[in-house]
Structures are given as C-alpha cells and as structure tokens.
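Reproduced below: model30.cif, with mmCIF, C-alpha atoms.
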data_target
#
loop_
_atom_site.label_atom_id
_atom_site.label_comp_id
_atom_site.auth_asym_id
_atom_site.auth_seq_id
_atom_site.Cartn_x
_atom_site.Cartn_y
_atom_site.Cartn_z
CA MET A 44 23.26 -20.66 -7.74
CA GLU A 45 25.67 -18.29 -9.45
CA LEU A 46 25.83 -14.64 -8.48
CA THR A 47 25.47 -12.53 -11.59
CA PRO A 48 25.09 -8.76 -11.73
CA LEU A 49 21.50 -7.91 -12.66
CA LYS A 50 19.66 -4.65 -13.01
CA TYR A 51 16.49 -5.97 -11.39
CA PHE A 52 16.92 -8.45 -8.57
CA ASP A 53 13.27 -9.49 -8.87
CA SER A 54 13.93 -11.04 -12.30
CA LEU A 55 16.05 -13.72 -10.59
CA TYR A 56 13.28 -15.19 -8.45
CA PRO A 57 11.85 -18.64 -9.34
CA ALA A 58 8.73 -18.70 -11.52
CA ASN A 59 6.48 -19.95 -8.69
CA THR A 60 7.34 -17.11 -6.30
CA ARG A 61 4.16 -15.54 -4.85
CA GLU A 62 2.15 -17.96 -6.95
CA LYS A 63 -0.99 -17.67 -4.81
CA GLU A 64 -1.24 -13.89 -4.98
CA ILE A 65 -0.43 -13.58 -8.69
CA HIS A 66 -2.92 -16.33 -9.50
CA ALA A 67 -5.56 -14.37 -7.57
CA LEU A 68 -4.83 -11.30 -9.73
CA ILE A 69 -5.57 -13.07 -13.02
CA PRO A 70 -9.42 -12.90 -12.88
CA PHE A 71 -9.25 -9.12 -12.42
CA ILE A 72 -6.73 -8.82 -15.25
CA GLN A 73 -8.95 -10.87 -17.56
CA LYS A 74 -11.97 -8.67 -16.81
CA GLY A 75 -10.08 -5.40 -17.22
CA LEU A 76 -10.75 -4.54 -13.58
CA SER A 77 -8.33 -2.76 -11.30
CA SER A 78 -7.27 -4.42 -8.06
CA GLN A 79 -5.56 -3.86 -4.74
CA ILE A 80 -2.57 -5.73 -3.29
CA ILE A 81 -2.95 -5.30 0.48
CA GLY A 82 -0.77 -6.27 3.42
CA VAL A 83 1.11 -5.03 6.45
CA PRO A 84 4.27 -2.98 5.81
CA GLY A 85 7.23 -5.02 4.59
CA VAL A 86 5.24 -8.15 3.74
CA GLY A 87 6.29 -8.20 0.07
CA LYS A 88 3.74 -6.14 -1.88
CA SER A 89 6.45 -4.41 -3.91
CA ASN A 90 8.02 -7.76 -4.73
CA ILE A 91 4.76 -9.00 -6.31
CA LEU A 92 4.48 -5.95 -8.57
CA ARG A 93 8.13 -6.10 -9.56
CA LEU A 94 7.87 -9.81 -10.33
CA LEU A 95 5.12 -9.02 -12.83
CA ALA A 96 7.09 -6.16 -14.36
CA TYR A 97 10.57 -7.69 -14.50
CA ASN A 98 10.38 -11.49 -14.22
CA ARG A 99 9.61 -13.15 -17.54
CA ASP A 100 9.53 -16.64 -15.99
CA VAL A 101 6.80 -15.54 -13.59
CA ARG A 102 4.74 -14.04 -16.41
CA THR A 103 5.21 -17.12 -18.59
CA LYS A 104 4.09 -19.40 -15.78
CA HIS A 105 0.86 -17.48 -15.30
CA PHE A 106 0.09 -16.32 -18.84
CA GLY A 107 1.71 -18.98 -20.99
CA ARG A 108 1.90 -18.13 -24.70
CA TYR A 109 0.19 -14.80 -24.03
CA GLU A 110 3.14 -13.59 -21.93
CA ALA A 111 4.59 -11.55 -24.80
CA LEU A 112 1.33 -9.60 -25.05
CA MET A 113 1.06 -8.83 -21.33
CA HIS A 114 2.85 -5.60 -20.45
CA PHE A 115 3.15 -4.49 -16.83
CA VAL A 116 4.43 -0.99 -16.02
CA TYR A 117 5.97 -0.60 -12.55
CA ILE A 118 5.40 2.85 -11.00
CA ASP A 119 6.96 3.78 -7.66
CA SER A 120 4.43 6.25 -6.26
CA THR A 121 6.99 7.80 -3.90
CA GLU A 122 8.67 9.32 -6.97
CA ILE A 123 5.57 11.40 -7.75
CA LYS A 124 4.60 12.28 -4.18
CA GLY A 125 3.40 15.88 -3.99
CA ARG A 126 3.31 16.28 -7.77
CA PRO A 127 0.39 17.76 -9.75
CA LEU A 128 -1.72 15.60 -12.07
CA SER A 129 0.23 16.75 -15.14
CA ASP A 130 3.47 15.44 -13.64
CA ILE A 131 1.80 12.13 -12.76
CA THR A 132 0.63 11.78 -16.37
CA LYS A 133 4.16 12.53 -17.58
CA PHE A 134 5.58 9.96 -15.20
CA ILE A 135 3.15 7.29 -16.43
CA LEU A 136 4.20 7.98 -20.04
CA LEU A 137 7.87 8.00 -19.06
CA SER A 138 7.48 4.72 -17.13
CA LEU A 139 5.64 3.21 -20.09
CA SER A 140 8.42 4.17 -22.48
CA PHE A 141 11.11 2.98 -20.08
CA SER A 142 9.40 -0.35 -19.42
CA LEU A 143 9.17 -1.08 -23.15
CA GLY A 144 12.87 -0.36 -23.47
CA GLU A 145 13.58 -2.78 -20.62
CA ARG A 146 11.86 -5.50 -22.67
CA ARG A 147 13.99 -4.50 -25.67
CA MET A 148 10.97 -3.15 -27.52
CA MET A 149 13.00 -0.17 -28.66
CA LYS A 150 10.79 0.96 -31.54
CA GLU A 151 7.75 1.02 -29.28
CA SER A 152 9.69 2.78 -26.52
CA GLU A 153 10.84 5.51 -28.90
CA HIS A 154 7.30 6.02 -30.20
CA ILE A 155 5.92 6.53 -26.67
CA ASN A 156 8.80 8.87 -25.85
CA LYS A 157 7.95 10.92 -28.92
CA LEU A 158 4.32 11.21 -27.80
CA LEU A 159 5.53 12.26 -24.33
CA LYS A 160 7.69 15.05 -25.80
CA GLU A 161 4.79 16.26 -27.95
CA GLY A 162 2.48 16.38 -24.94
CA VAL A 163 5.04 18.19 -22.77
CA ALA A 164 5.73 20.75 -25.52
CA LEU A 165 2.06 21.76 -25.62
CA ASN A 166 2.18 22.47 -21.86
CA ASP A 167 -1.45 21.54 -21.33
CA GLU A 168 -2.81 18.80 -19.06
CA MET A 169 -5.58 17.87 -21.49
CA MET A 170 -3.14 17.51 -24.40
CA LEU A 171 -0.73 15.54 -22.21
CA PHE A 172 -3.54 13.15 -21.31
CA SER A 173 -4.37 12.95 -25.02
CA SER A 174 -0.78 11.80 -25.59
CA LEU A 175 -1.31 9.03 -23.03
CA LYS A 176 -4.47 7.90 -24.85
CA LYS A 177 -2.58 7.90 -28.16
CA ALA A 178 0.16 5.83 -26.54
CA LEU A 179 -2.41 3.26 -25.40
CA ASP A 180 -4.04 3.20 -28.83
CA TYR A 181 -0.68 2.50 -30.43
CA LEU A 182 0.20 -0.29 -28.03
CA LEU A 183 -3.27 -1.84 -27.83
CA ILE A 184 -4.32 -1.63 -31.47
CA GLU A 185 -1.10 -1.78 -33.46
CA LYS A 186 1.00 -3.88 -31.11
CA LYS A 187 -1.84 -5.98 -29.64
CA LEU A 188 -0.55 -5.52 -26.08
CA THR A 189 -2.53 -5.52 -22.84
CA ILE A 190 -1.35 -2.75 -20.51
CA HIS A 191 -1.40 -2.79 -16.71
CA LEU A 192 -0.14 0.06 -14.53
CA LEU A 193 1.34 -1.14 -11.23
CA PHE A 194 1.22 1.64 -8.62
CA ASP A 195 3.50 0.62 -5.77
CA LYS A 196 3.24 2.30 -2.33
CA PHE A 197 0.09 4.05 -3.54
CA GLU A 198 -0.69 5.58 -0.14
CA ALA A 199 2.27 7.93 -0.77
CA ILE A 200 0.23 9.95 -3.30
CA LEU A 201 -3.34 9.13 -2.29
CA PRO A 202 -3.75 12.10 0.13
CA GLU A 203 -2.75 14.59 -2.58
CA ILE A 204 -4.36 13.35 -5.78
CA THR A 205 -7.63 14.76 -7.07
CA PRO A 206 -10.77 12.98 -8.31
CA GLN A 207 -9.55 13.69 -11.85
CA PHE A 208 -6.77 11.13 -11.40
CA PHE A 209 -9.32 8.34 -10.98
CA ALA A 210 -11.58 9.88 -13.62
CA ASN A 211 -8.66 9.68 -16.06
CA LEU A 212 -8.03 6.02 -15.20
CA ARG A 213 -11.71 5.35 -15.88
CA ILE A 214 -11.48 7.13 -19.24
CA LEU A 215 -8.47 5.01 -20.18
CA ARG A 216 -10.23 1.83 -19.13
CA ASN A 217 -13.38 2.72 -21.07
CA HIS A 218 -11.17 3.55 -24.03
CA ALA A 219 -9.27 0.24 -23.90
CA LYS A 220 -12.04 -1.91 -22.41
CA TYR A 221 -10.67 -5.22 -21.13
CA ARG A 222 -7.06 -4.62 -22.11
CA PHE A 223 -6.15 -1.97 -19.56
CA ALA A 224 -6.24 -1.91 -15.76
CA SER A 225 -4.32 -0.71 -12.72
CA VAL A 226 -3.01 -2.52 -9.66
CA PHE A 227 -2.46 -0.57 -6.44
CA SER A 228 -0.33 -1.80 -3.56
CA LEU A 229 -1.44 -0.45 -0.17
CA ASN A 230 -1.13 -1.19 3.53
CA ARG A 231 -4.91 -0.96 3.90
CA PRO A 232 -7.91 -1.11 1.52
CA ILE A 233 -8.39 1.99 -0.58
CA ASN A 234 -11.94 2.48 0.76
CA GLU A 235 -10.49 2.99 4.25
CA ILE A 236 -7.96 5.68 3.36
CA ALA A 237 -9.56 7.53 0.44
CA ASP A 238 -12.47 9.93 0.60
CA PRO A 239 -15.60 8.46 -1.01
CA LEU A 240 -15.87 11.44 -3.39
CA LEU A 241 -12.27 10.94 -4.50
CA ILE A 242 -12.85 7.49 -5.97
CA SER A 243 -16.52 7.84 -6.89
CA ASP A 244 -15.77 7.73 -10.65
CA PHE A 245 -13.67 4.60 -10.20
CA HIS A 246 -15.38 2.83 -7.32
CA ASP A 247 -16.97 0.00 -9.30
CA LEU A 248 -13.67 -0.84 -11.01
CA VAL A 249 -11.58 -1.23 -7.86
CA SER A 250 -13.72 -1.44 -4.71
CA GLU A 251 -13.52 -4.82 -2.97
CA ASN A 252 -11.12 -6.18 -5.62
CA GLU A 253 -8.70 -6.97 -2.81
CA ILE A 254 -5.87 -9.49 -2.63
CA TYR A 255 -4.23 -9.85 0.78
CA VAL A 256 -0.56 -10.80 0.77
CA SER A 257 0.40 -13.86 2.82
CA LEU A 258 2.98 -13.29 5.53
CA TYR A 259 5.07 -16.22 4.36
CA ASP A 260 6.08 -17.10 0.81
CA PRO A 261 8.37 -20.16 1.20
CA ILE A 262 9.71 -20.05 -2.38
CA GLY A 263 10.60 -16.37 -2.29
CA ILE A 264 12.10 -16.48 1.21
CA LYS A 265 14.26 -19.50 0.39
CA PHE A 266 15.58 -17.80 -2.74
CA ARG A 267 16.33 -14.59 -0.84
CA LEU A 268 18.13 -16.35 2.01
CA ASP A 269 20.14 -18.51 -0.42
CA TYR A 270 21.22 -15.37 -2.22
CA ILE A 271 22.30 -13.61 0.98
CA GLU A 272 24.36 -16.66 1.93
CA LYS A 273 26.00 -16.73 -1.47
CA ALA A 274 26.81 -13.03 -1.37
CA ALA A 275 28.24 -13.24 2.17
CA ARG A 276 30.07 -16.53 1.45
CA LYS A 277 28.72 -17.85 4.70
CA ASN A 278 26.26 -20.68 5.35
CA ILE A 279 23.62 -20.72 8.06
CA PRO A 280 22.56 -24.10 9.51
CA GLN A 281 19.14 -25.30 8.37
CA LYS A 282 17.91 -25.46 11.97
CA THR A 283 18.79 -21.77 12.47
CA ARG A 284 17.06 -20.88 9.22
CA GLU A 285 13.92 -22.58 10.43
CA GLU A 286 14.12 -20.71 13.73
CA ILE A 287 14.35 -17.39 11.87
CA ILE A 288 11.29 -18.23 9.78
CA LYS A 289 9.43 -19.26 12.92
CA LEU A 290 10.33 -16.09 14.85
CA THR A 291 9.48 -13.75 11.95
CA GLY A 292 6.44 -15.70 10.75
CA GLY A 293 8.10 -15.69 7.33
CA HIS A 294 7.41 -11.93 7.00
CA ALA A 295 9.54 -10.89 4.00
CA LYS A 296 11.35 -7.85 5.41
CA LEU A 297 11.76 -9.21 8.93
CA SER A 298 13.15 -12.52 7.61
CA LYS A 299 15.64 -10.71 5.39
CA LEU A 300 16.77 -8.37 8.17
CA ALA A 301 17.05 -11.26 10.64
CA PHE A 302 19.15 -13.27 8.23
CA GLU A 303 21.42 -10.32 7.49
CA ALA A 304 21.82 -9.74 11.25
CA LEU A 305 22.82 -13.35 11.74
CA ILE A 306 25.23 -13.34 8.80
CA SER A 307 27.08 -10.38 10.33
CA GLU A 308 27.48 -12.04 13.75
CA THR A 309 30.90 -13.47 14.55
CA GLU A 310 30.15 -14.85 18.01
CA ASN A 311 27.96 -17.74 19.13
CA ILE A 312 24.33 -16.75 19.62
CA GLU A 313 22.65 -17.89 22.81
CA ASN A 314 19.26 -16.26 22.31
CA LEU A 315 18.29 -15.51 18.69
CA GLN A 316 15.06 -13.69 19.54
CA GLU A 317 16.87 -11.39 21.97
CA LEU A 318 19.54 -10.65 19.35
CA LEU A 319 16.95 -9.77 16.71
CA LEU A 320 14.90 -7.51 18.97
CA LYS A 321 18.03 -5.49 19.77
CA ARG A 322 18.57 -4.67 16.09
CA SER A 323 17.38 -1.15 15.24
CA THR A 324 16.32 -2.13 11.70
CA ILE A 325 14.10 -4.91 13.04
CA ASP A 326 12.71 -2.70 15.81
CA SER A 327 11.91 -0.03 13.21
CA THR A 328 10.08 -2.56 11.02
CA LEU A 329 8.05 -3.82 13.98
CA HIS A 330 7.13 -0.21 14.84
CA GLU A 331 6.08 0.29 11.22
CA ILE A 332 3.71 -2.68 11.43
CA TRP A 333 2.35 -1.47 14.77
CA SER A 334 1.78 2.08 13.48
CA SER A 335 -0.17 0.78 10.48
CA LEU A 336 -2.84 -0.61 12.84
CA LEU A 337 -5.82 1.34 14.11
CA PRO A 338 -6.15 1.93 17.89
CA SER A 339 -9.17 -0.40 17.96
CA GLU A 340 -6.98 -3.08 16.34
CA GLN A 341 -4.04 -2.42 18.65
CA ILE A 342 -6.16 -3.05 21.72
CA VAL A 343 -7.03 -6.50 20.32
CA PHE A 344 -3.54 -7.70 21.19
CA LYS A 345 -4.35 -7.28 24.86
CA GLY A 346 -6.82 -10.15 24.65
CA MET A 347 -9.87 -10.97 22.54
CA SER A 348 -11.25 -14.21 21.17
CA PHE A 349 -10.46 -15.14 17.57
CA SER A 350 -14.15 -15.19 16.61
CA GLU A 351 -14.55 -11.60 17.90
CA ILE A 352 -11.42 -10.50 16.06
CA LYS A 353 -12.53 -12.14 12.81
CA GLU A 354 -15.95 -10.50 13.01
CA ASN A 355 -14.94 -7.02 14.15
CA HIS A 356 -11.31 -6.63 13.02
CA SER A 357 -11.07 -8.58 9.78
CA TYR A 358 -7.91 -6.74 8.66
CA LEU A 359 -5.92 -8.54 11.37
CA THR A 360 -6.98 -11.97 10.11
CA LEU A 361 -6.95 -11.19 6.39
CA SER A 362 -3.43 -9.75 6.63
CA GLY A 363 -2.30 -12.87 8.51
CA LEU A 364 -1.20 -11.08 11.67
CA ILE A 365 -3.61 -13.14 13.77
CA SER A 366 -5.04 -16.62 13.25
CA GLU A 367 -6.77 -19.19 15.45
CA LYS A 368 -3.26 -20.11 16.64
CA GLY A 369 -2.61 -16.57 17.90
CA ILE A 370 -0.19 -13.86 16.77
CA MET A 371 1.65 -15.19 13.73
CA ILE A 372 4.89 -13.20 14.14
CA PRO A 373 6.44 -14.28 17.47
CA ILE A 374 8.98 -11.44 17.62
CA PHE A 375 6.12 -9.00 17.02
CA GLU A 376 4.29 -10.58 19.95
CA GLU A 377 7.38 -10.11 22.12
CA PHE A 378 7.78 -6.54 20.84
CA LEU A 379 4.19 -5.80 21.92
CA ARG A 380 5.04 -6.48 25.55
CA LYS A 381 6.75 -3.09 25.77
CA ILE A 382 4.00 -1.19 23.93
CA PRO A 383 1.26 0.31 26.14
CA VAL A 384 -2.09 0.32 24.35
CA GLU A 385 -4.66 0.77 27.08
CA THR A 386 -3.93 4.41 27.81
CA TYR A 387 -5.51 7.26 25.87
CA GLU A 388 -2.68 9.32 24.48
CA LYS A 389 -2.89 12.95 23.45
CA ILE A 390 -3.57 13.66 19.78
CA THR A 391 -1.40 16.48 18.42
CA TYR A 392 -0.70 18.23 15.12
CA ASP A 393 2.92 19.02 14.14
CA SER A 394 2.78 21.99 11.76
CA SER A 395 6.45 21.67 10.77
CA LEU A 396 5.88 18.11 9.54
CA ASN A 397 2.18 18.54 8.65
CA GLU A 398 1.53 15.27 10.49
CA ILE A 399 -0.88 14.18 13.22
CA PHE A 400 0.36 12.06 16.12
CA MET A 401 -1.28 9.99 18.82
CA GLY A 402 1.33 10.14 21.54
CA THR A 403 4.53 9.44 19.59
CA THR A 404 2.79 7.38 16.89
CA LYS A 405 2.12 9.08 13.56
CA ILE A 406 -1.46 8.36 12.48
CA SER A 407 -1.70 10.65 9.43
CA GLU A 408 -1.06 7.85 6.95
CA ASN A 409 -4.24 6.05 8.03
CA LEU A 410 -6.39 9.13 7.43
CA SER A 411 -8.07 10.21 4.22
CA PRO A 412 -7.52 13.89 3.22
CA SER A 413 -10.90 15.02 4.59
CA GLU A 414 -10.38 13.01 7.81
CA PHE A 415 -6.96 14.65 8.20
CA ARG A 416 -8.37 18.16 7.72
CA LEU A 417 -11.25 17.41 10.07
CA LEU A 418 -9.04 16.08 12.86
CA LYS A 419 -6.56 18.94 12.40
CA TYR A 420 -9.41 21.45 12.80
CA LEU A 421 -10.66 19.71 15.94
CA ILE A 422 -7.12 19.66 17.41
CA GLU A 423 -6.79 23.38 16.75
CA ASN A 424 -10.11 23.87 18.54
CA VAL A 425 -9.66 21.27 21.28
CA GLU A 426 -12.41 21.26 23.94
CA LYS A 427 -14.43 23.77 21.88
CA LEU A 428 -17.94 22.82 20.77
CA CYS A 429 -17.82 23.10 16.97
CA SER A 430 -21.08 23.35 15.01
CA LYS A 431 -21.60 21.41 11.80
CA ASP A 432 -21.55 24.63 9.76
CA GLU A 433 -18.27 25.73 11.34
CA ILE A 434 -16.70 22.37 10.58
CA ILE A 435 -17.91 22.30 6.98
CA ASN A 436 -16.75 25.88 6.34
CA ALA A 437 -13.30 25.19 7.84
CA VAL A 438 -12.64 21.71 6.44
CA TRP A 439 -14.31 21.97 3.03
CA LYS A 440 -13.45 25.54 2.07
CA ASP A 441 -14.34 25.15 -1.61
CA SER A 442 -18.00 26.10 -2.09
CA LYS A 443 -18.57 23.36 -4.68
CA THR A 444 -17.15 20.75 -2.31
CA GLN A 445 -19.30 22.04 0.56
CA GLU A 446 -22.44 21.39 -1.48
CA GLY A 447 -21.71 17.66 -1.34
CA VAL A 448 -21.29 17.54 2.44
CA THR A 449 -24.74 16.63 3.75
CA ASP A 450 -25.48 15.90 7.42
CA GLN A 451 -25.39 12.22 6.55
CA ALA A 452 -22.04 12.58 4.79
CA LEU A 453 -20.61 14.49 7.75
CA ASP A 454 -21.84 11.83 10.19
CA GLN A 455 -20.20 9.18 8.00
CA ILE A 456 -16.85 11.00 8.04
CA PHE A 457 -16.99 11.26 11.84
CA TYR A 458 -17.86 7.55 11.99
CA ARG A 459 -14.83 6.68 9.82
CA LEU A 460 -12.56 8.97 11.85
CA ARG A 461 -13.67 7.45 15.16
CA LYS A 462 -12.87 3.98 13.83
CA LYS A 463 -9.32 5.16 13.24
CA ILE A 464 -8.57 6.97 16.49
CA GLU A 465 -10.81 5.45 19.15
CA ILE A 466 -10.00 2.25 21.01
CA ASP A 467 -13.73 1.54 21.11
CA PRO A 468 -15.57 3.67 18.51
CA SER A 469 -18.92 2.84 20.11
CA ILE A 470 -17.74 4.50 23.35
CA PRO A 471 -15.65 7.43 22.02
CA GLN A 472 -13.18 9.05 24.37
CA TYR A 473 -11.83 11.71 21.98
CA ILE A 474 -14.61 12.91 19.68
CA GLN A 475 -17.85 13.72 21.49
CA THR A 476 -21.17 14.31 19.71
CA ILE A 477 -23.30 16.96 21.36
CA LYS A 478 -26.75 16.15 20.00
CA GLY A 479 -28.27 19.01 18.04
CA LYS A 480 -25.22 21.24 18.57
CA GLY A 481 -22.10 19.73 17.04
CA TYR A 482 -18.87 17.99 17.95
CA ARG A 483 -16.02 18.46 20.41
CA LEU A 484 -12.52 16.96 20.71
CA SER A 485 -11.69 16.17 24.35
CA GLN A 486 -8.20 15.27 25.56
#
What would the structure in this file look like if it were written as structure tokens?
Amino acid sequence: MELTPLKYFDSLYPANTREKEIHALIPFIQKGLSSQIIGVPGVGKSNILRLLAYNRDVRTKHFGRYEALMHFVYIDSTEIKGRPLSDITKFILLSLSFSLGERRMMKESEHINKLLKEGVALNDEMMLFSSLKKALDYLLIEKKLTIHLLFDKFEAILPEITPQFFANLRILRNHAKYRFASVFSLNRPINEIADPLLISDFHDLVSENEIYVSLYDPIGIKFRLDYIEKAARKNIPQKTREEIIKLTGGHAKLSKLAFEALISETENIENLQELLLKRSTIDSTLHEIWSSLLPSEQIVFKGMSFSEIKENHSYLTLSGLISEKGIMIPIFEEFLRKIPVETYEKITYDSSLNEIFMGTTKISENLSPSEFRLLKYLIENVEKLCSKDEIINAVWKDSKTQEGVTDQALDQIFYRLRKKIEIDPSIPQYIQTIKGKGYRLSQ
C-alpha cells in the first residue's frame, strides 16, 4: 500500500468497509426514511458517514450504477453547536455546495452557492429555508440526484434545536418524497435523549429506524493498522496485532490508540494490557464509554445474567458491549475494576459549565432539554417538596409550552429521568414521589 496525500482519509478505505451497517441503511434510503446510526463513543459512527460521503468505491459497491445519482452531504454537528436555526440552514446549504464541489460538480456547486447568497442577503429565516427548497428542486428535478444529509455527532446540537428544525426536515422530505432523507449518528437512540414534543413532527420518519454499529469491523481495522504501520515505517508482529484486537474488542478508537501506543514503544513489552491502561488517551476513551451509560446500566457490570440484561438493558447488548460471552472489551472490563458503581453519588449542577454531574461524571449529555431543566430545578431545590404546578411554572416557562404538560406528560418525564439517574428506577433513591403533593430530590 502506497502512502499518498489525500484530503479525506476515509476515501482510502476498501469498498467492503462497514459493509453490514451500510447495507442495513439501504432499505431506509430506498423508502426516503431517515435513520439513526447508534453506538458507544469511538466505535466508528463518523467513519460510516464519511465513507458514504467521500468513498466512491463504497458507494459503488452498495448502489452500483446508481452511485452517480446518490449524493451524501456530511455535516459535523459540532460546527453548528449553539447556533440558531437560520445558521443551521445556512450550514446545510454551505455543506451541500461544498460537497458538490468535492465531487467536481462545479456548476451545481456554484448554483447552490448562489442560492445561499440570495437567502443570506434577504436576512429572513423563511426566505433562507426557501433557498434550501430551491436547491433541492434543482438537484432533484434537473440533476436527478437523491440527497441525504448526514448529521454526525448529532447529540451536540440536539439539546438546543427547536421543533422547527424537525418540522423543516419533514417539509423537505414531503417536498422531495423518496429522494431525500437524513441520517443521524448518536451515542443513544434519539427517543431517549430528545423531548417527545421536539420530534413529534418527525417521529414517524425516524423513530425506531435504528442501526447499531458493531464493535469490530475487521476490514476497516486492518486497513487502519496497515496504514499506521506504513506511516511509522515499523511493523508489528501478527500475534501482537491479534492481542490488541482481542484486548480492545476491535473497538475502532481503542484499537487505533492501542496500535499507536505500541508503535511508539522502543522497549520490550511484558504486559500489553497494563501498558495500554496506563495511556491517558485510552483511559479517557474508556471513561467516555463509561459516562455514556446510564446508572442502571453501569450497575449491570457488577453482576447480572445475560437474559436479564437483554430484557431490561437492551442498549448494552445491541451496542455489543455485552454478549452471552460476557463483556466484549477486555480492557474495559479491567478498567471497571477501579470504578465504584454501587454507591449513590451526589448530583450537582455546575453553573459555570451549565452541566449536571453525578459525582465526577457528567450526565448532562444523556438528558433531553426538559429533563435537564427539570433536574436542575430539583437540584436548586434539593430536599424541598415541589408541587406539580411549581415544577411546570419553573421548567416550562413559556405559557404555550405549559399547556402541553399534562399530569400524564409530567409523570412520563419523571419516569424517563429516573431511568437515567437511578440505579434501580423502580426503587428510586434520588427522586421521591409524594403522592398527591409533588416531588422531592433527596441526596
């Protein structure tokens, strides 16, 4: 394999990289439905989206002679974090124009860029969205393309976007029918981390359309490790390679970091697992995986039968972290030995970071916006009995929003929140329900 400078590393991967996951996407693409790419942090979700956007061989393998008509637009959601809807619409248009240019469709790219400038000049969200619809009309009708927006790291913007974002995606889909859809990459299913009202206009187009990413993609890992060897001009024995894959479970980021750690070593290694666990980058990645789990899932690692886990904690089995054989990432299992999970840690709110922590673990990312506001209010009123009216007035300050918060809806939000912070939601230790009176956070 020759090392050649390339703008997008993902375009170098073999055509059958992540074959299983991309094949699973095709039925949704054919029906014009949106879908979710789900998996633990670092497992390779971004790689799948970038393969679709930048790797022609991958597209040709899966779409054959229709490859030229399939256009995937990669959007890194972290670049629009905290931005208003108008900026998100601009970024979609900009990404659309840029992606066409990357495929050397310069005339099309310039046309979309012109529409973007026209929309920006009018300084109106509705007109900007109209420019996006015109862009789709041009590409779908005149150029016969099928357009798919790939939102990577979608949880970065999910807490801040409004229902109009999903309403707009629905409008675009209705406008284009079966030739437009979106793909969202997330650590957890969108139904778990988004408020029901937020995605109500889009629910039927994305809910349950989930594809879980396998921990181990042999083709992709082999290519990545070969490339690292070539770049470092150093070969690693096949037996050591196999040990790395075994210790990391083939997890994309952990395997890469482990291989890079080994490449940089100049002395003989007596205990590979010990070496890897001492690396700060690997420790950080393991913490990231651990923090993405709910407390009720974390306690599972202290002992529970596979059948119980599969029935009550399906995320752990669907994501590949646990199988009938046990924990599938051995160095994660070793890492867990130093993590206490049976103690109830204090839940705190850090105003300077606008984050909520359980002990030292940040849990904000697993909360929907209303769950975050609710828990923040309870923290600020810890040990106080809060009535339903007080909670609704404090958490849903907008009068129109308050109208939609029924007793049943409030009970459902508390149910979802308990699932995310309680070790055993059926026997809550933090959030107490005082029948007929309200709720109280105890610490």
Could you check which of A:Val256, A:Leu165, A:Leu112, A:Ile135 is closest to A:Ile65, using only C-alpha atoms?
A:Val256
Where does the PyMOL selection byres ((chain A and resi 132) around 9) land in this file, that is, which residues does it pick, as an MDAnalysis selection string?
chainID A and resid 127:131 133:137 168 171:172 175 208
As JSON, please report the centre and edge lengths, rounded to one decimal in Å, of the axis-aligned box that holds all listed atoms of stretch 79-94 of chain A with 4 Å of padding on each of the six sides.
{"center_x": 1.3, "center_y": -6.4, "center_z": -1.9, "size_x": 21.7, "size_y": 14.8, "size_z": 24.8}
For the structure provided, state which residues fall under the PyMOL selection byres ((chain A and resi 183-191) around 9), and present them as a ChimeraX atom specification.
/A:72,77,111-117,151,178-182,192-193,219,221-226
Of the candidates A:Leu158, A:Gly263, A:Phe209, A:Ser174, which shows the shortest atom-to-atom distance to A:Leu94, using all atoms listed in the file?
A:Gly263
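If you measure from each of A:Glu317, A:Glu251, A:Glu465, A:Asp100 to A:Ile342 using all atoms listed in the file, the closest one turns out to be A:Glu465.
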Might you spell out which residues the PyMOL selection byres ((chain A and resi 285) around 12) would select in the displayed file, as a VMD selection string?
chain A and resid 261 264 to 265 268 279 to 284 286 to 293 298 301 to 302 315
Just checking: using all atoms listed in the file, which residue out of A:Arg213, A:Lys381, A:Lys405, A:Lys427 ends up closest to A:Leu76?
A:Arg213
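For the choices A:Ala452, A:Leu68, A:Leu143, A:Ile464, the atom-to-atom distance to A:Lys431 is smallest for A:Ala452 when using all atoms listed in the file.
Atom CA of A:Ile365 is positioned 27.9 Å from atom CA of A:Phe457.
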